[in-house]
file query-v9.tsv (TSV, C-alpha atoms and all ligand atoms)
chain	number	residue	atom	x	y	z
Q	12	MET	CA	8.44	1.83	2.90
Q	13	ASP	CA	9.61	2.52	6.45
Q	14	SER	CA	13.08	1.33	7.40
Q	15	ILE	CA	13.26	-1.50	4.93
Q	16	GLY	CA	14.69	-0.99	1.45
Q	17	THR	CA	12.38	-1.07	-1.53
Q	18	ASN	CA	14.28	-3.91	-3.23
Q	19	LEU	CA	14.21	-6.19	-0.24
Q	20	PHE	CA	10.84	-7.82	-0.76
Q	21	ARG	CA	11.31	-8.11	-4.52
Q	22	VAL	CA	14.63	-9.90	-4.01
Q	23	LEU	CA	13.20	-12.14	-1.30
Q	24	ARG	CA	10.31	-13.13	-3.54
Q	25	ALA	CA	12.80	-14.00	-6.27
Q	26	LEU	CA	14.71	-16.22	-3.83
Q	27	SER	CA	11.74	-18.06	-2.33
Q	28	GLY	CA	11.63	-20.93	-4.80
Q	29	LYS	CA	13.28	-24.34	-4.32
Q	30	GLU	CA	16.15	-23.58	-6.72
Q	31	PHE	CA	19.24	-21.46	-6.10
Q	32	ARG	CA	19.29	-18.26	-8.17
Q	33	SER	CA	22.38	-16.35	-9.11
Q	34	GLY	CA	22.65	-12.69	-8.19
Q	35	GLU	CA	23.03	-11.95	-11.87
Q	36	ALA	CA	19.80	-13.72	-12.87
Q	37	VAL	CA	17.81	-12.03	-10.09
Q	38	ALA	CA	19.27	-8.64	-11.00
Q	39	LYS	CA	18.30	-9.15	-14.64
Q	40	ASP	CA	14.75	-10.24	-13.79
Q	41	LEU	CA	14.17	-7.31	-11.48
Q	42	GLY	CA	15.96	-4.71	-13.58
Q	43	ILE	CA	18.33	-3.77	-10.77
Q	44	SER	CA	22.09	-4.07	-10.32
Q	45	ARG	CA	23.87	-7.12	-8.90
Q	46	ALA	CA	25.12	-4.90	-6.09
Q	47	SER	CA	21.49	-4.09	-5.18
Q	48	VAL	CA	20.68	-7.81	-5.02
Q	49	HIS	CA	23.74	-8.39	-2.87
Q	50	ASN	CA	22.80	-5.51	-0.57
Q	51	ALA	CA	19.23	-6.75	-0.21
Q	52	VAL	CA	20.51	-10.23	0.73
Q	53	HIS	CA	22.79	-8.72	3.36
Q	54	GLN	CA	20.03	-6.55	4.71
Q	55	ALA	CA	17.71	-9.56	4.99
Q	56	GLN	CA	20.38	-11.61	6.77
Q	57	ALA	CA	20.98	-8.75	9.19
Q	58	LEU	CA	17.23	-8.73	9.90
Q	59	GLY	CA	17.38	-12.42	10.86
Q	60	ILE	CA	16.24	-14.08	7.64
Q	61	ASP	CA	18.18	-17.25	6.89
Q	62	ILE	CA	19.47	-17.26	3.31
Q	63	TYR	CA	21.84	-19.79	1.74
Q	64	SER	CA	24.60	-18.06	-0.15
Q	65	VAL	CA	26.71	-20.55	-2.11
Q	66	ARG	CA	29.55	-19.54	-4.39
Q	67	GLY	CA	28.84	-20.59	-7.97
Q	68	ARG	CA	25.17	-21.35	-7.30
Q	69	GLY	CA	23.74	-18.16	-5.83
Q	70	TYR	CA	21.12	-17.61	-3.17
Q	71	ARG	CA	18.01	-19.29	-1.81
Q	72	LEU	CA	15.86	-18.77	1.28
Q	73	VAL	CA	16.60	-21.55	3.79
Q	74	TYR	CA	12.90	-21.90	4.64
Q	75	PRO	CA	10.61	-21.65	1.61
Q	76	HIS	CA	8.14	-18.86	2.20
Q	77	SER	CA	4.49	-18.92	1.15
Q	78	TRP	CA	3.58	-15.31	0.35
Q	79	LEU	CA	0.14	-14.08	1.23
Q	80	ASP	CA	-2.27	-13.44	-1.61
Q	81	ALA	CA	-5.07	-11.20	-0.33
Q	82	GLU	CA	-7.25	-11.77	-3.39
Q	83	ARG	CA	-7.04	-15.54	-3.08
Q	84	ILE	CA	-7.84	-15.33	0.65
Q	85	GLN	CA	-10.79	-13.04	-0.01
Q	86	ASP	CA	-12.17	-15.36	-2.72
Q	87	ALA	CA	-11.81	-18.46	-0.55
Q	88	LEU	CA	-13.87	-16.83	2.19
Q	89	GLY	CA	-16.85	-16.42	-0.11
Q	90	GLY	CA	-19.87	-14.79	1.48
Q	91	LEU	CA	-18.57	-14.38	5.03
Q	92	GLY	CA	-18.32	-10.62	4.58
Q	93	TYR	CA	-14.66	-10.14	5.42
Q	94	ARG	CA	-12.66	-7.48	3.61
Q	95	VAL	CA	-8.98	-8.43	3.58
Q	96	HIS	CA	-6.32	-5.69	3.61
Q	97	TRP	CA	-2.66	-6.65	3.13
Q	98	HIS	CA	0.67	-4.85	3.41
Q	99	GLU	CA	4.16	-6.18	2.90
Q	100	GLN	CA	5.39	-4.74	6.16
Q	101	MET	CA	3.96	-2.90	9.15
Q	102	ASP	CA	4.60	-2.37	12.84
Q	103	SER	CA	1.47	-3.93	14.32
Q	104	THR	CA	-1.69	-5.15	12.60
Q	105	ASN	CA	-3.60	-4.45	15.83
Q	106	GLY	CA	-2.30	-0.89	16.11
Q	107	ARG	CA	-3.01	-0.13	12.45
Q	108	LEU	CA	-6.45	-1.74	12.41
Q	109	MET	CA	-7.47	0.15	15.55
Q	110	ALA	CA	-6.56	3.40	13.77
Q	111	MET	CA	-8.47	2.26	10.67
Q	112	GLY	CA	-11.46	1.38	12.90
Q	113	GLN	CA	-11.42	4.82	14.48
Q	114	ALA	CA	-11.39	6.28	11.00
Q	115	GLY	CA	-14.53	4.26	10.18
Q	116	VAL	CA	-13.32	1.12	8.41
Q	117	GLU	CA	-16.08	-1.44	7.99
Q	118	HIS	CA	-17.12	-4.29	10.33
Q	119	LYS	CA	-15.13	-7.48	9.53
Q	120	ALA	CA	-12.14	-5.67	8.06
Q	121	VAL	CA	-9.08	-7.92	8.25
Q	122	LEU	CA	-5.51	-6.68	8.22
Q	123	THR	CA	-2.51	-8.90	7.62
Q	124	THR	CA	1.11	-8.46	6.66
Q	125	GLU	CA	4.10	-10.43	5.49
Q	126	TRP	CA	6.28	-8.94	8.15
Q	127	GLN	CA	5.16	-7.45	11.42
Q	128	THR	CA	8.04	-5.50	12.89
Q	129	GLY	CA	6.51	-4.17	16.14
Q	130	GLY	CA	4.03	-6.86	17.14
Q	131	LYS	CA	2.30	-6.39	20.50
Q	132	GLY	CA	1.76	-9.24	22.90
Q	133	ARG	CA	-0.26	-9.50	26.10
Q	134	ARG	CA	0.88	-7.79	29.26
Q	135	GLY	CA	2.97	-5.21	27.39
Q	136	ARG	CA	5.26	-7.80	25.82
Q	137	ALA	CA	6.51	-7.84	22.25
Q	138	TRP	CA	5.33	-10.49	19.79
Q	139	LEU	CA	7.89	-11.73	17.27
Q	140	SER	CA	6.53	-12.47	13.84
Q	141	PRO	CA	9.47	-12.34	11.45
Q	142	LEU	CA	9.15	-12.63	7.71
Q	143	GLY	CA	8.23	-16.19	6.83
Q	144	GLY	CA	8.23	-17.19	10.48
Q	145	GLY	CA	4.74	-16.31	11.48
Q	146	LEU	CA	1.24	-15.36	10.49
Q	147	ALA	CA	-0.01	-12.12	12.00
Q	148	PHE	CA	-3.49	-10.75	11.41
Q	149	SER	CA	-6.23	-8.73	13.06
Q	150	ILE	CA	-9.99	-8.64	12.61
Q	151	LEU	CA	-12.15	-5.63	13.35
Q	152	TRP	CA	-15.52	-6.65	14.76
Q	153	ARG	CA	-18.19	-4.14	15.73
Q	154	PHE	CA	-20.55	-5.24	18.52
Q	155	ASN	CA	-23.83	-3.74	19.62
Q	156	ARG	CA	-22.95	-4.41	23.25
Q	157	SER	CA	-20.67	-2.51	25.57
Q	158	ALA	CA	-16.97	-3.36	25.81
Q	159	GLY	CA	-17.67	-4.57	29.37
Q	160	ASP	CA	-19.89	-7.35	27.96
Q	161	LEU	CA	-17.01	-8.76	25.95
Q	162	SER	CA	-15.02	-10.28	28.80
Q	163	CYS	CA	-15.23	-13.79	27.29
Q	164	LEU	CA	-14.46	-12.72	23.76
Q	165	SER	CA	-10.83	-13.82	23.93
Q	166	LEU	CA	-11.90	-17.26	25.15
Q	167	ALA	CA	-14.27	-17.61	22.19
Q	168	VAL	CA	-11.49	-16.54	19.83
Q	169	GLY	CA	-9.12	-19.14	21.30
Q	170	LEU	CA	-11.72	-21.80	20.68
Q	171	GLY	CA	-12.13	-20.70	17.08
Q	172	LEU	CA	-8.39	-21.03	16.55
Q	173	VAL	CA	-8.27	-24.48	18.08
Q	174	ARG	CA	-11.10	-25.58	15.80
Q	175	ALA	CA	-9.18	-24.25	12.78
Q	176	LEU	CA	-5.88	-25.86	13.78
Q	177	ARG	CA	-7.48	-29.21	14.50
Q	178	GLN	CA	-9.19	-29.11	11.14
Q	179	MET	CA	-5.74	-28.56	9.59
Q	180	GLY	CA	-4.47	-31.76	11.19
Q	181	LEU	CA	-3.21	-30.61	14.59
Q	182	ALA	CA	-5.33	-32.91	16.69
Q	183	GLY	CA	-3.32	-32.01	19.80
Q	184	ALA	CA	-3.95	-28.23	19.72
Q	185	GLN	CA	-5.18	-27.06	23.13
Q	186	LEU	CA	-6.07	-23.89	25.01
Q	187	LYS	CA	-4.38	-22.38	28.00
Q	188	TRP	CA	-6.41	-19.90	30.02
Q	189	PRO	CA	-7.04	-17.18	29.22
Q	190	ASN	CA	-6.14	-17.31	25.56
Q	191	ASP	CA	-2.96	-19.08	24.52
Q	192	VAL	CA	-3.01	-21.90	22.02
Q	193	LEU	CA	-0.63	-24.73	22.86
Q	194	LEU	CA	0.67	-27.78	21.11
Q	195	ASP	CA	2.64	-30.35	23.00
Q	196	GLY	CA	2.59	-27.99	26.02
Q	197	ARG	CA	4.36	-25.24	24.07
Q	198	LYS	CA	2.97	-22.00	22.73
Q	199	LEU	CA	1.79	-22.12	19.14
Q	200	ALA	CA	-0.39	-19.02	18.91
Q	201	GLY	CA	-1.37	-15.95	20.90
Q	202	ILE	CA	-4.33	-13.60	20.94
Q	203	LEU	CA	-4.45	-9.92	21.80
Q	204	ILE	CA	-7.83	-8.20	21.89
Q	205	GLU	CA	-8.08	-4.44	22.14
Q	206	LEU	CA	-11.47	-2.86	22.79
Q	207	GLN	CA	-12.96	0.52	22.38
Q	208	GLY	CA	-16.52	1.60	23.11
Q	209	ASP	CA	-19.10	3.31	25.29
Q	210	VAL	CA	-20.42	2.01	28.58
Q	211	LEU	CA	-23.75	1.17	26.97
Q	212	GLY	CA	-22.30	0.14	23.61
Q	213	PRO	CA	-21.75	-0.12	20.76
Q	214	SER	CA	-18.14	-1.23	20.88
Q	215	MET	CA	-15.35	-2.17	18.55
Q	216	ALA	CA	-12.92	-5.05	19.05
Q	217	VAL	CA	-9.61	-5.47	17.29
Q	218	ILE	CA	-8.89	-9.18	17.53
Q	219	GLY	CA	-5.21	-9.84	16.89
Q	220	VAL	CA	-3.83	-13.31	16.28
Q	221	GLY	CA	-0.24	-14.44	15.90
Q	222	VAL	CA	0.58	-18.00	14.85
Q	223	ASN	CA	4.09	-19.45	14.87
Q	224	VAL	CA	4.57	-20.94	11.41
Q	225	HIS	CA	8.28	-21.61	11.11
Q	226	LEU	CA	10.59	-19.99	13.65
Q	227	SER	CA	14.32	-20.01	13.04
Q	228	GLU	CA	16.65	-21.03	15.86
Q	229	GLY	CA	17.64	-17.36	16.19
Q	230	VAL	CA	14.06	-16.27	16.80
Q	231	ARG	CA	13.36	-19.14	19.20
Q	232	GLY	CA	16.35	-17.98	21.19
Q	233	GLU	CA	14.75	-14.56	21.63
Q	234	ILE	CA	11.51	-15.95	23.08
Q	235	ASP	CA	11.45	-16.48	26.84
Q	236	GLN	CA	8.98	-19.37	26.93
Q	237	PRO	CA	8.70	-22.82	25.33
Q	238	VAL	CA	7.43	-22.41	21.76
Q	239	ILE	CA	6.46	-24.65	18.88
Q	240	ASP	CA	5.63	-23.87	15.29
Q	241	LEU	CA	3.24	-25.34	12.75
Q	242	VAL	CA	5.95	-26.87	10.60
Q	243	GLU	CA	7.21	-28.81	13.62
Q	244	GLY	CA	3.67	-29.75	14.64
Q	245	LEU	CA	2.54	-30.91	11.21
Q	246	GLY	CA	5.87	-32.20	9.96
Q	247	GLU	CA	5.45	-30.42	6.63
Q	248	ALA	CA	5.50	-26.99	5.00
Q	249	VAL	CA	2.48	-24.80	5.61
Q	250	ASP	CA	0.65	-22.62	3.12
Q	251	ARG	CA	0.02	-19.42	5.09
Q	252	ASN	CA	-2.88	-18.53	2.76
Q	253	HIS	CA	-4.66	-21.74	3.65
Q	254	LEU	CA	-3.86	-21.19	7.33
Q	255	LEU	CA	-5.31	-17.69	7.28
Q	256	VAL	CA	-8.43	-18.81	5.44
Q	257	GLU	CA	-9.10	-21.59	7.94
Q	258	CYS	CA	-8.49	-19.28	10.92
Q	259	LEU	CA	-10.83	-16.64	9.51
Q	260	ARG	CA	-13.49	-19.22	8.68
Q	261	TYR	CA	-13.56	-20.75	12.17
Q	262	LEU	CA	-13.22	-17.40	13.90
Q	263	HIS	CA	-16.24	-16.19	11.97
Q	264	GLU	CA	-18.20	-19.18	13.27
Q	265	VAL	CA	-17.39	-18.47	16.94
Q	266	LEU	CA	-17.69	-14.69	16.62
Q	267	GLU	CA	-21.18	-14.95	15.12
Q	268	HIS	CA	-22.13	-17.40	17.85
Q	269	PHE	CA	-20.68	-15.14	20.53
Q	270	GLU	CA	-22.49	-12.11	19.14
Q	271	ARG	CA	-25.82	-13.95	19.07
Q	272	ASP	CA	-25.71	-16.07	22.24
Q	273	GLY	CA	-22.65	-14.99	24.23
Q	274	PHE	CA	-20.14	-17.49	25.55
Q	275	THR	CA	-22.59	-19.85	27.28
Q	276	GLY	CA	-22.89	-22.39	24.46
Q	277	LEU	CA	-19.12	-22.47	23.91
Q	278	ARG	CA	-18.09	-22.98	27.52
Q	279	ALA	CA	-18.20	-26.79	27.68
Q	280	GLU	CA	-16.16	-27.12	24.49
Q	281	TRP	CA	-13.69	-24.56	25.80
Q	282	GLU	CA	-13.21	-26.56	29.02
Q	283	ALA	CA	-12.84	-29.81	27.10
Q	284	ASN	CA	-10.00	-28.22	25.14
Q	285	HIS	CA	-8.27	-26.67	28.13
Q	286	ALA	CA	-4.79	-28.15	28.61
Q	287	PHE	CA	-5.09	-27.81	32.41
Q	288	HIS	CA	-8.69	-28.89	32.92
Q	289	GLY	CA	-8.85	-31.09	36.00
Q	290	CYS	CA	-5.10	-30.69	36.57
Q	291	GLU	CA	-3.06	-29.39	39.46
Q	292	ALA	CA	-1.84	-25.90	38.57
Q	293	ARG	CA	-0.49	-22.71	40.00
Q	294	MET	CA	-1.80	-19.22	39.30
Q	295	ILE	CA	0.87	-16.57	39.57
Q	296	ALA	CA	0.16	-12.83	39.86
Q	297	ALA	CA	2.52	-10.22	38.42
Q	298	GLN	CA	3.51	-9.19	41.96
Q	299	GLY	CA	4.67	-12.76	42.66
Q	300	GLU	CA	1.77	-13.97	44.81
Q	301	SER	CA	0.59	-17.46	43.81
Q	302	TRP	CA	-2.19	-19.95	44.48
Q	303	GLN	CA	-2.09	-23.68	43.88
Q	304	GLY	CA	-5.02	-25.99	43.32
Q	305	ARG	CA	-7.00	-28.11	40.86
Q	306	VAL	CA	-8.43	-26.38	37.79
Q	307	SER	CA	-12.15	-27.16	37.92
Q	308	GLY	CA	-13.34	-25.05	34.98
Q	309	ILE	CA	-14.31	-21.53	34.00
Q	310	ASP	CA	-17.43	-19.62	35.01
Q	311	GLU	CA	-19.92	-17.84	32.74
Q	312	ALA	CA	-17.79	-14.67	32.87
Q	313	GLY	CA	-14.68	-16.57	31.72
Q	314	ALA	CA	-12.98	-16.53	35.14
Q	315	LEU	CA	-10.78	-19.53	35.87
Q	316	LEU	CA	-11.94	-21.66	38.82
Q	317	LEU	CA	-9.21	-23.11	40.99
Q	318	ASP	CA	-10.07	-25.45	43.87
Q	319	THR	CA	-7.46	-24.72	46.51
Q	320	ALA	CA	-6.97	-26.20	49.98
Q	321	THR	CA	-8.77	-23.16	51.40
Q	322	GLY	CA	-11.71	-23.17	48.98
Q	323	GLN	CA	-12.52	-22.22	45.41
Q	324	ARG	CA	-10.94	-19.10	43.95
Q	325	ARG	CA	-11.94	-17.23	40.79
Q	326	PHE	CA	-9.40	-15.50	38.63
Q	327	TYR	CA	-10.29	-12.86	36.10
Q	328	SER	CA	-7.93	-12.29	33.21
Q	329	GLY	CA	-5.25	-9.67	33.70
Q	330	GLU	CA	-1.78	-9.78	35.15
Q	331	LEU	CA	-2.00	-13.49	35.82
Q	332	SER	CA	-0.17	-16.49	34.51
Q	333	LEU	CA	-1.19	-20.14	34.82
Q	334	ARG	CA	1.41	-22.92	35.12
Q	335	GLY	CA	1.04	-26.66	35.36
Q	336	VAL	CA	2.33	-28.40	38.49
Q	337	SER	CA	3.66	-31.93	38.09
Q	338	ALA	CA	2.07	-34.41	40.47
Q	401	LIG	C1	0.27	-12.93	23.31
Q	401	LIG	O1	1.06	-12.28	23.99
Q	401	LIG	O2	0.15	-14.15	23.43
Q	401	LIG	C2	-0.58	-12.24	22.28
Q	401	LIG	C3	0.12	-12.14	20.95
Q	401	LIG	C4	-0.72	-11.47	19.89
Q	401	LIG	C5	0.08	-11.19	18.64
Q	401	LIG	C6	-0.78	-10.72	17.50
Q	401	LIG	S1	0.08	-10.76	15.97
Q	401	LIG	C7	-1.20	-9.87	15.20
Q	401	LIG	C8	-1.68	-8.84	16.18
Q	401	LIG	N1	-0.93	-7.62	16.06
Q	401	LIG	C9	-0.20	-7.37	17.15
Q	401	LIG	O3	0.56	-6.39	17.30
Q	401	LIG	N2	-0.38	-8.33	18.06
Q	401	LIG	C10	-1.34	-9.32	17.60
call {"tool": "encode", "arguments": {"input": "query-v9.tsv", "output": "structure tokens", "more": "lines below"}}
Ligand code: BTN
result
Amino acid sequence: MDSIGTNLFRVLRALSGKEFRSGEAVAKDLGISRASVHNAVHQAQALGIDIYSVRGRGYRLVYPHSWLDAERIQDALGGLGYRVHWHEQMDSTNGRLMAMGQAGVEHKAVLTTEWQTGGKGRRGRAWLSPLGGGLAFSILWRFNRSAGDLSCLSLAVGLGLVRALRQMGLAGAQLKWPNDVLLDGRKLAGILIELQGDVLGPSMAVIGVGVNVHLSEGVRGEIDQPVIDLVEGLGEAVDRNHLLVECLRYLHEVLEHFERDGFTGLRAEWEANHAFHGCEARMIAAQGESWQGRVSGIDEAGALLLDTATGQRRFYSGELSLRGVSA
């Protein structure tokens, strides 16, 4: 294991039930010393995991954690052809899966982790997915087309996620161009797609998805935009295994569609789910330039169409950020 002690995950698993457990009982169960349990608890707290520590009762995770079970996920996905790989901890599922893809790992390989310590976000940002706080996974999809033909892939993926989240009871899940998933106007999930391939194809996409499941106040404080998590949205605890299965199921649906027919048949549904469709909004470039207008849709290449006072403008994904403008 990299920087994290070998006892840490074992101790955390022992503390993830509803009951408090004494250091002594955990030490006995795991065959380690009480001091090791104590150290692991301190290490976890230093890493931002909230743990109750009550004299006379012992320890318990503040937020119950549903651990991922790769076998269960694989079984639930039946004949879809995914192969699920799981690790307790890693820097970035996208980074690792890209390396696995280059080494020849099969089409539809999925990589997920309990704790992503160096998650990558769009536009060179970091993505925080602390233990128990998020779901982070990546899918490797091999296409027969060139990477240049995949410009709408991230839009299709966003739609797949919205379908999955709505099916789980989040009727208000929406998209924000190009590929954020929002709930109540706040960010619930993000997508990062990394491509590799020849000009004429074939190409390989690593499709990375991060979903906020239950963010502590500490983590929320580190994020520089309004965020929401699934527990807040649903008002109840979330089984991350179920969440991953539903995401993979609906992503499979849109990815197969996209591979067969491209984005065309998904465009109307994408627009209907766009939080800013028909709304006044401002597009802001990284250099600070901005354009205001009414969002009238997206074109067949996935560019956002903004009707401004000086005519319609098309924006292709990149160093751009879309914001709502109150009337
Ligand atoms: C964004 O900035 O909105 C995109 C966030 C994407 C995060 C996911 S988490 C799983 C995968 N691995 C990464 O390192 N990043 C993506």
call {"tool": "atom_distance", "arguments": {"input": "query-v9.tsv", "atom1": "atom CA of Q:Met111", "atom2": "atom CA of Q:Asp209"}}
result
18.1 Å
call {"tool": "residues_near_point", "arguments": {"input": "query-v9.tsv", "point": "(-12.5, -9.3, 1.4)", "cutoff": "12 Å", "atoms": "all atoms listed in the file", "output": "NGL selection string"}}
result
:Q and (80-97 or 117-123 or 150 or 256 or 259)
call {"tool": "residues_near_point", "arguments": {"input": "query-v9.tsv", "point": "(16.0, -16.9, 2.1)", "cutoff": "9 Å", "atoms": "all atoms listed in the file", "output": "PDB file with C-alpha atoms, keeping the file's coordinate frame"}}
result
ATOM      1  CA  LEU Q  23      13.200 -12.140  -1.300  1.00  0.00           C
ATOM      2  CA  ARG Q  24      10.310 -13.130  -3.540  1.00  0.00           C
ATOM      3  CA  LEU Q  26      14.710 -16.220  -3.830  1.00  0.00           C
ATOM      4  CA  SER Q  27      11.740 -18.060  -2.330  1.00  0.00           C
ATOM      5  CA  VAL Q  52      20.510 -10.230   0.730  1.00  0.00           C
ATOM      6  CA  ALA Q  55      17.710  -9.560   4.990  1.00  0.00           C
ATOM      7  CA  GLN Q  56      20.380 -11.610   6.770  1.00  0.00           C
ATOM      8  CA  ILE Q  60      16.240 -14.080   7.640  1.00  0.00           C
ATOM      9  CA  ASP Q  61      18.180 -17.250   6.890  1.00  0.00           C
ATOM     10  CA  ILE Q  62      19.470 -17.260   3.310  1.00  0.00           C
ATOM     11  CA  TYR Q  63      21.840 -19.790   1.740  1.00  0.00           C
ATOM     12  CA  SER Q  64      24.600 -18.060  -0.150  1.00  0.00           C
ATOM     13  CA  TYR Q  70      21.120 -17.610  -3.170  1.00  0.00           C
ATOM     14  CA  ARG Q  71      18.010 -19.290  -1.810  1.00  0.00           C
ATOM     15  CA  LEU Q  72      15.860 -18.770   1.280  1.00  0.00           C
ATOM     16  CA  VAL Q  73      16.600 -21.550   3.790  1.00  0.00           C
ATOM     17  CA  TYR Q  74      12.900 -21.900   4.640  1.00  0.00           C
ATOM     18  CA  PRO Q  75      10.610 -21.650   1.610  1.00  0.00           C
ATOM     19  CA  HIS Q  76       8.140 -18.860   2.200  1.00  0.00           C
TER      20      HIS Q  76
END
call {"tool": "closest_atom_pairs", "arguments": {"input": "query-v9.tsv", "of": "chain Q", "to": "ligand LIG 401 (chain Q)", "cutoff": "10 Å", "atoms": "all atoms listed in the file", "output": "CSV"}}
result
residue,atom,partner,partner_atom,distance
Q:Met101,CA,Q:LIG401,O3,9.5
Q:Asp102,CA,Q:LIG401,O3,7.2
Q:Ser103,CA,Q:LIG401,O3,4.0
Q:Thr104,CA,Q:LIG401,N1,4.3
Q:Asn105,CA,Q:LIG401,N1,4.2
Q:Gly106,CA,Q:LIG401,O3,6.3
Q:Arg107,CA,Q:LIG401,N1,8.6
Q:Leu108,CA,Q:LIG401,N1,8.9
Q:Leu122,CA,Q:LIG401,C7,8.8
Q:Thr123,CA,Q:LIG401,C7,7.8
Q:Thr124,CA,Q:LIG401,C7,9.0
Q:Gln127,CA,Q:LIG401,O3,7.5
Q:Thr128,CA,Q:LIG401,O3,8.7
Q:Gly129,CA,Q:LIG401,O3,6.5
Q:Gly130,CA,Q:LIG401,O3,3.5
Q:Lys131,CA,Q:LIG401,O3,3.6
Q:Gly132,CA,Q:LIG401,O1,3.3
Q:Arg133,CA,Q:LIG401,O1,3.7
Q:Arg134,CA,Q:LIG401,O1,6.9
Q:Gly135,CA,Q:LIG401,O1,8.1
Q:Arg136,CA,Q:LIG401,O1,6.4
Q:Ala137,CA,Q:LIG401,O1,7.2
Q:Trp138,CA,Q:LIG401,C5,5.4
Q:Leu139,CA,Q:LIG401,C5,7.9
Q:Ser140,CA,Q:LIG401,S1,7.0
Q:Gly145,CA,Q:LIG401,S1,8.5
Q:Leu146,CA,Q:LIG401,S1,7.2
Q:Ala147,CA,Q:LIG401,C7,4.1
Q:Phe148,CA,Q:LIG401,C7,4.5
Q:Ser149,CA,Q:LIG401,C8,5.5
Q:Ile150,CA,Q:LIG401,C8,9.0
Q:Pro189,CA,Q:LIG401,O2,9.7
Q:Asn190,CA,Q:LIG401,O2,7.4
Q:Asp191,CA,Q:LIG401,O2,5.9
Q:Val192,CA,Q:LIG401,O2,8.5
Q:Lys198,CA,Q:LIG401,O2,8.4
Q:Leu199,CA,Q:LIG401,O2,9.2
Q:Ala200,CA,Q:LIG401,O2,6.7
Q:Gly201,CA,Q:LIG401,O2,3.5
Q:Ile202,CA,Q:LIG401,C2,4.2
Q:Leu203,CA,Q:LIG401,C4,4.5
Q:Ile204,CA,Q:LIG401,C10,7.9
Q:Glu205,CA,Q:LIG401,C10,9.5
Q:Val217,CA,Q:LIG401,C8,8.7
Q:Ile218,CA,Q:LIG401,C8,7.3
Q:Gly219,CA,Q:LIG401,C8,3.7
Q:Val220,CA,Q:LIG401,C6,4.2
Q:Gly221,CA,Q:LIG401,S1,3.7
Q:Val222,CA,Q:LIG401,S1,7.3
Q:Asn223,CA,Q:LIG401,S1,9.6
call {"tool": "write_last_selection", "arguments": {"input": "query-v9.tsv", "atoms": "C-alpha atoms", "output": "short mmCIF file (atom, residue, chain, number, x, y, z; two decimals), in the frame of the given file"}}
result
data_model
loop_
_atom_site.label_atom_id
_atom_site.label_comp_id
_atom_site.auth_asym_id
_atom_site.auth_seq_id
_atom_site.Cartn_x
_atom_site.Cartn_y
_atom_site.Cartn_z
CA MET Q 101 3.96 -2.90 9.15
CA ASP Q 102 4.60 -2.37 12.84
CA SER Q 103 1.47 -3.93 14.32
CA THR Q 104 -1.69 -5.15 12.60
CA ASN Q 105 -3.60 -4.45 15.83
CA GLY Q 106 -2.30 -0.89 16.11
CA ARG Q 107 -3.01 -0.13 12.45
CA LEU Q 108 -6.45 -1.74 12.41
CA LEU Q 122 -5.51 -6.68 8.22
CA THR Q 123 -2.51 -8.90 7.62
CA THR Q 124 1.11 -8.46 6.66
CA GLN Q 127 5.16 -7.45 11.42
CA THR Q 128 8.04 -5.50 12.89
CA GLY Q 129 6.51 -4.17 16.14
CA GLY Q 130 4.03 -6.86 17.14
CA LYS Q 131 2.30 -6.39 20.50
CA GLY Q 132 1.76 -9.24 22.90
CA ARG Q 133 -0.26 -9.50 26.10
CA ARG Q 134 0.88 -7.79 29.26
CA GLY Q 135 2.97 -5.21 27.39
CA ARG Q 136 5.26 -7.80 25.82
CA ALA Q 137 6.51 -7.84 22.25
CA TRP Q 138 5.33 -10.49 19.79
CA LEU Q 139 7.89 -11.73 17.27
CA SER Q 140 6.53 -12.47 13.84
CA GLY Q 145 4.74 -16.31 11.48
CA LEU Q 146 1.24 -15.36 10.49
CA ALA Q 147 -0.01 -12.12 12.00
CA PHE Q 148 -3.49 -10.75 11.41
CA SER Q 149 -6.23 -8.73 13.06
CA ILE Q 150 -9.99 -8.64 12.61
CA PRO Q 189 -7.04 -17.18 29.22
CA ASN Q 190 -6.14 -17.31 25.56
CA ASP Q 191 -2.96 -19.08 24.52
CA VAL Q 192 -3.01 -21.90 22.02
CA LYS Q 198 2.97 -22.00 22.73
CA LEU Q 199 1.79 -22.12 19.14
CA ALA Q 200 -0.39 -19.02 18.91
CA GLY Q 201 -1.37 -15.95 20.90
CA ILE Q 202 -4.33 -13.60 20.94
CA LEU Q 203 -4.45 -9.92 21.80
CA ILE Q 204 -7.83 -8.20 21.89
CA GLU Q 205 -8.08 -4.44 22.14
CA VAL Q 217 -9.61 -5.47 17.29
CA ILE Q 218 -8.89 -9.18 17.53
CA GLY Q 219 -5.21 -9.84 16.89
CA VAL Q 220 -3.83 -13.31 16.28
CA GLY Q 221 -0.24 -14.44 15.90
CA VAL Q 222 0.58 -18.00 14.85
CA ASN Q 223 4.09 -19.45 14.87
#
call {"tool": "atom_distance", "arguments": {"input": "query-v9.tsv", "atom1": "atom CA of Q:Arg278", "atom2": "atom CA of Q:Met109"}}
result
28.1 Å
